[in-house]
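Asks: This structure is in structure tokens; I'll ask about it shortly.
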There are 2 protein chains.
Amino acid sequence: MQRTPTSQSPIGIFDSGVGGLTVLKAMQKLLPSEKLLYFGDTARVPYGPKSQVTIRRYAEDDTRILLRHQPKMIIVACNTVSALALDVVEKTADPLPVLGVLEAGADLAVEVTRNRRIGVIGTQATVCSNAYAYAINKANPDIEVFSTACPLFVPLAEEGMLNHEATRLIAQQYLAPLLAERIDTLVLGCTHYPILRAVIEETAGSGVQIIDSAEAVAQRAASMLGSTGMEASRTEATLPHLMVSDLPQKFSTLYHLFMNASVPDVELVEV
Amino acid sequence: MQRTPTSQSPIGIFDSGVGGLTVLKAMQKLLPSEKLLYFGDTARVPYGPKSQVTIRRYAEDDTRILLRHQPKMIIVACNTVSALALDVVEKTADPLPVLGVLEAGADLAVEVTRNRRIGVIGTQATVCSNAYAYAINKANPDIEVFSTACPLFVPLAEEGMLNHEATRLIAQQYLAPLLAERIDTLVLGCTHYPILRAVIEETAGSGVQIIDSAEAVAQRAASMLGSTGMEASRTEATLPHLMVSDLPQKFSTLYHLFMNASVPDVELVEV
């Protein structure tokens with residue numbers, strides 16, 4: 001049973017793995033008084049290449065894990081889930097507010113573009129779902145959206161190859177078709193990609209504005225809490241409550257890569 | 001309940017995903033009369049970065065899925081499972097014979113090396129387990145083994161970047177420390193790597209003999225069936241019975257990349 005949340009209740013964030021830590025980091029920076037819960041489904045990562053039926057089943061599991069902690073809001077840090085299963089999360093969490101990285105990133109891109117030509121990069125599943133194009137065109141049907149999947153960006157980020165010639169060559173290959181379409185805005189439609197932001201930005205060139213969906217969703221959460229009077233009044237900083245479904249061998253390396261901090265206590269949750 | 005298998009029973013092969021198809025292909029080539037079952041745990045791939053507890057649990061599940069079809073032999077096509085959970089498979093399948101790619105590759109490398117300096121490349125989990133070094137040194141304690149993890153090789157293979165400059169740069173970086181140790185033999189300790197064999201072979205140079213563990217395990221299976229009189233007498237070629245735990249969007253592309261054939265019927269199995 002769910003109790004009615006108060007302004008002191010935590011904010012729940014989930015992702016298919018560690019990528020959503022970029023959202024956790026953006027939230028910490030923007031909302032330092034909030035208590036944050038993070039669940040990473042590290043046992044079943046990656047969601048990207050899986051079928052929609054499986055992704056929707058996982059999205060419901062992930063939401064229920066956060067609901068055990070009586071949150072006041074759910075943030076879907078996973079672009080794949082935002083694209084293919086946001087309605088599942090909303091139904092499972094009802095009546096709590098649910099924010100998806102995808103919608104936040106799409107809306108910010110619509111605000112930023114000048115020539116109305118937006119590029120989106122993400123996993124195969126996110127790109128195939130056309131969900132960014134749908135969300136962008138819902139806000140403004142006159143915008144043209146050009147998308148491409150970049151499956152190597154996640155492992156390149158996790159290998160820490162942030163400034164490697166191979167990463168540059170692969171970025172050039174992935175971005176070439178988008179740049180040929182003269183985009184002026186590029187959405188990082190996967191939570192891992194901010195780790196490679198420098199190479200992506202350099203490859204895209206100064207004429208292209210980069211949209212980080214993690215930052216965008218944190219801004220949206222802040223304004224929603226403000227407008228509903230649900231901001232926490234805590235003043236001391238608290239460590240996030242981290243939950244994972246598996247403890248991968250590289251977890252502390254990856255946590256450090258994403259958060260630039262050492263790992264706090266981690267709770268292992270069965271899925 | 002298990003019936004006693006006959007020579008006409010199928011051979012069961014499993015892997016964490018599609019990588020083990022290189023073993024299926026090697027088996028088809030060497031043993032065209034055998035009926036082959038393949039289970040790929042595509043819902044939970046990759047096993048490599050997961051913890052040992054999780055990998056052992058999955059290995060038992062995978063073995064039980066094959067046992068439903070009353071096989072006469074189990075082949076563990078997954079190097080990670082061979083490294084960390086072969087005993088689980090043996091116990092679950094007892095009294096059936098179980099062959100692991102890892103042991104087969106290790107033993108062949110021991111036969112081939114001249115200077116007794118062997119390199120091994122694989123996933124993080126396979127390398128960290130030290131299982132290749134253990135298997136090689138069990139056969140010959142005088143051999144020195146040098147190992148390195150190559151996490152980008154799997155996604156590079158799956159992207160079909162078989163002849164790309166970025167793949168070459170990454171291969172050079174991964175293999176440099178092994179080549180500096182003057183290895184004369186290099187074990188492809190991950191079933192995906194044969195897909196990138198040309199680039200790996202070129203980077204290693206003509207002084208290094210490449211050992212494909214998939215071919216090695218097929219040779220071992222053939223000789224074991226021969227010595228126990230368990231070869232199938234079928235003469236007509238049969239399609240393999242394919243089972244997967246999820247149907248990823250790229251499955252048919254990947255099947256074609258690995259098998260150079262179009263996908264036969266696939267059975268979806270719940271895990």
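Ordered as shown in the structure tokens, chains take letters A, B, and onward, while each chain numbers its residues from 1 and ligands are numbered from 1 in the order shown.
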So that I can check the secondary structure, give me every residue of segment 52-197 of chain B assigned strand (DSSP E) by backbone DSSP, as a ChimeraX atom specification.
Replies: /B:73-76,98-100,117-122,144-149,185-188
Asks: Can I get the selected residues back with N, CA and C atoms, as an mmCIF file, in the first residue's frame?
Replies:
data_model
loop_
_atom_site.group_PDB
_atom_site.id
_atom_site.type_symbol
_atom_site.label_atom_id
_atom_site.label_comp_id
_atom_site.auth_asym_id
_atom_site.auth_seq_id
_atom_site.Cartn_x
_atom_site.Cartn_y
_atom_site.Cartn_z
ATOM 1 N N MET B 73 24.921 -34.811 -25.078
ATOM 2 C CA MET B 73 26.141 -34.088 -24.703
ATOM 3 C C MET B 73 25.786 -32.603 -24.578
ATOM 4 N N ILE B 74 26.469 -31.903 -23.653
ATOM 5 C CA ILE B 74 26.252 -30.453 -23.512
ATOM 6 C C ILE B 74 27.557 -29.740 -23.850
ATOM 7 N N ILE B 75 27.459 -28.736 -24.694
ATOM 8 C CA ILE B 75 28.636 -27.913 -24.998
ATOM 9 C C ILE B 75 28.389 -26.494 -24.478
ATOM 10 N N VAL B 76 29.257 -26.048 -23.601
ATOM 11 C CA VAL B 76 29.168 -24.692 -23.071
ATOM 12 C C VAL B 76 29.936 -23.787 -24.025
ATOM 13 N N VAL B 98 30.044 -33.045 -20.540
ATOM 14 C CA VAL B 98 29.980 -31.591 -20.732
ATOM 15 C C VAL B 98 31.338 -31.114 -21.255
ATOM 16 N N LEU B 99 31.309 -30.363 -22.360
ATOM 17 C CA LEU B 99 32.552 -29.791 -22.885
ATOM 18 C C LEU B 99 32.454 -28.273 -22.828
ATOM 19 N N GLY B 100 33.535 -27.624 -22.403
ATOM 20 C CA GLY B 100 33.565 -26.167 -22.388
ATOM 21 C C GLY B 100 34.518 -25.642 -23.445
ATOM 22 N N ARG B 117 54.817 -19.166 -24.654
ATOM 23 C CA ARG B 117 54.287 -17.860 -24.244
ATOM 24 C C ARG B 117 52.960 -17.669 -24.975
ATOM 25 N N ILE B 118 51.857 -17.796 -24.234
ATOM 26 C CA ILE B 118 50.519 -17.766 -24.836
ATOM 27 C C ILE B 118 49.762 -16.511 -24.385
ATOM 28 N N GLY B 119 49.128 -15.840 -25.347
ATOM 29 C CA GLY B 119 48.257 -14.713 -25.032
ATOM 30 C C GLY B 119 46.799 -15.151 -25.047
ATOM 31 N N VAL B 120 45.984 -14.556 -24.195
ATOM 32 C CA VAL B 120 44.549 -14.867 -24.162
ATOM 33 C C VAL B 120 43.781 -13.551 -24.152
ATOM 34 N N ILE B 121 42.797 -13.418 -25.044
ATOM 35 C CA ILE B 121 41.911 -12.252 -25.004
ATOM 36 C C ILE B 121 40.481 -12.726 -24.758
ATOM 37 N N GLY B 122 39.717 -11.947 -23.976
ATOM 38 C CA GLY B 122 38.339 -12.329 -23.664
ATOM 39 C C GLY B 122 37.606 -11.193 -22.977
ATOM 40 N N GLU B 144 53.989 -19.614 -19.893
ATOM 41 C CA GLU B 144 53.573 -18.316 -19.350
ATOM 42 C C GLU B 144 52.357 -17.811 -20.118
ATOM 43 N N VAL B 145 51.363 -17.321 -19.375
ATOM 44 C CA VAL B 145 50.110 -16.866 -19.994
ATOM 45 C C VAL B 145 49.934 -15.370 -19.721
ATOM 46 N N PHE B 146 49.623 -14.618 -20.782
ATOM 47 C CA PHE B 146 49.408 -13.174 -20.680
ATOM 48 C C PHE B 146 47.995 -12.881 -21.187
ATOM 49 N N SER B 147 47.174 -12.247 -20.344
ATOM 50 C CA SER B 147 45.761 -12.073 -20.709
ATOM 51 C C SER B 147 45.378 -10.602 -20.719
ATOM 52 N N THR B 148 44.422 -10.268 -21.573
ATOM 53 C CA THR B 148 43.878 -8.912 -21.536
ATOM 54 C C THR B 148 42.413 -8.924 -21.984
ATOM 55 N N ALA B 149 41.604 -8.091 -21.315
ATOM 56 C CA ALA B 149 40.181 -7.993 -21.656
ATOM 57 C C ALA B 149 40.000 -7.020 -22.818
ATOM 58 N N THR B 185 51.337 -17.502 -29.608
ATOM 59 C CA THR B 185 50.015 -18.122 -29.745
ATOM 60 C C THR B 185 49.006 -17.190 -29.066
ATOM 61 N N LEU B 186 47.861 -16.965 -29.743
ATOM 62 C CA LEU B 186 46.854 -16.072 -29.167
ATOM 63 C C LEU B 186 45.498 -16.771 -29.188
ATOM 64 N N VAL B 187 44.917 -16.955 -28.002
ATOM 65 C CA VAL B 187 43.614 -17.624 -27.902
ATOM 66 C C VAL B 187 42.500 -16.593 -27.989
ATOM 67 N N LEU B 188 41.561 -16.800 -28.928
ATOM 68 C CA LEU B 188 40.359 -15.962 -29.014
ATOM 69 C C LEU B 188 39.395 -16.492 -27.954
#
Asks: Taking only C-alpha atoms into account, what are the residues of chain B at most 7 Å from chain A, put as a VMD selection string?
Replies: chain B and resid 43 to 44 49 to 51 152 155 166 169 to 170 246 to 249
Asks: Please report the interatomic distance between atom CA of Val266 of chain A and atom CA of Lys72 of chain A in Å with one decimal.
Replies: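 Straight-line distance from atom CA of Val266 of chain A to atom CA of Lys72 of chain A works out to 21.4 Å.
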Asks: Mind the document's chain letters and residue numbers, and return as a PyMOL selection string the residues of segment 45-217 of chain A that DSSP labels alpha helix (DSSP H).
Replies: chain A and resi 52-67+79-93+101-112+124-129+131-139+153-158+165-180+197-204+213-217
Asks: What gap, in Å, lies between atom CA of Glu111 of chain A and atom CA of Ala232 of chain A?
Replies: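 Between atom CA of Glu111 of chain A and atom CA of Ala232 of chain A the gap is 28.6 Å.
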Asks: Name the residues in contact with Glu215 of chain A at a cut-off of 7 Å, using only C-alpha atoms, excluding same-chain residues fewer than 4 positions from it; report them as a list in words.
Replies: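 Skipping anything fewer than 4 positions along the chain leaves Val23, Ala26 and Gln219 of chain A.
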Asks: What does the file look like for those residues with N, CA, C and O atoms, as a JSON list (two decimals), in the first residue's frame?
Replies:
[["chain", "number", "residue", "atom", "x", "y", "z"],
["A", 23, "VAL", "N", 21.75, 11.25, -14.71],
["A", 23, "VAL", "CA", 20.53, 11.93, -14.23],
["A", 23, "VAL", "C", 20.64, 12.17, -12.72],
["A", 23, "VAL", "O", 20.34, 13.26, -12.22],
["A", 26, "ALA", "N", 22.91, 15.11, -12.23],
["A", 26, "ALA", "CA", 22.25, 16.38, -12.57],
["A", 26, "ALA", "C", 21.24, 16.77, -11.49],
["A", 26, "ALA", "O", 21.10, 17.95, -11.14],
["A", 219, "GLN", "N", 16.01, 19.76, -14.70],
["A", 219, "GLN", "CA", 15.37, 21.09, -14.72],
["A", 219, "GLN", "C", 13.85, 20.96, -14.62],
["A", 219, "GLN", "O", 13.18, 21.69, -13.90]]
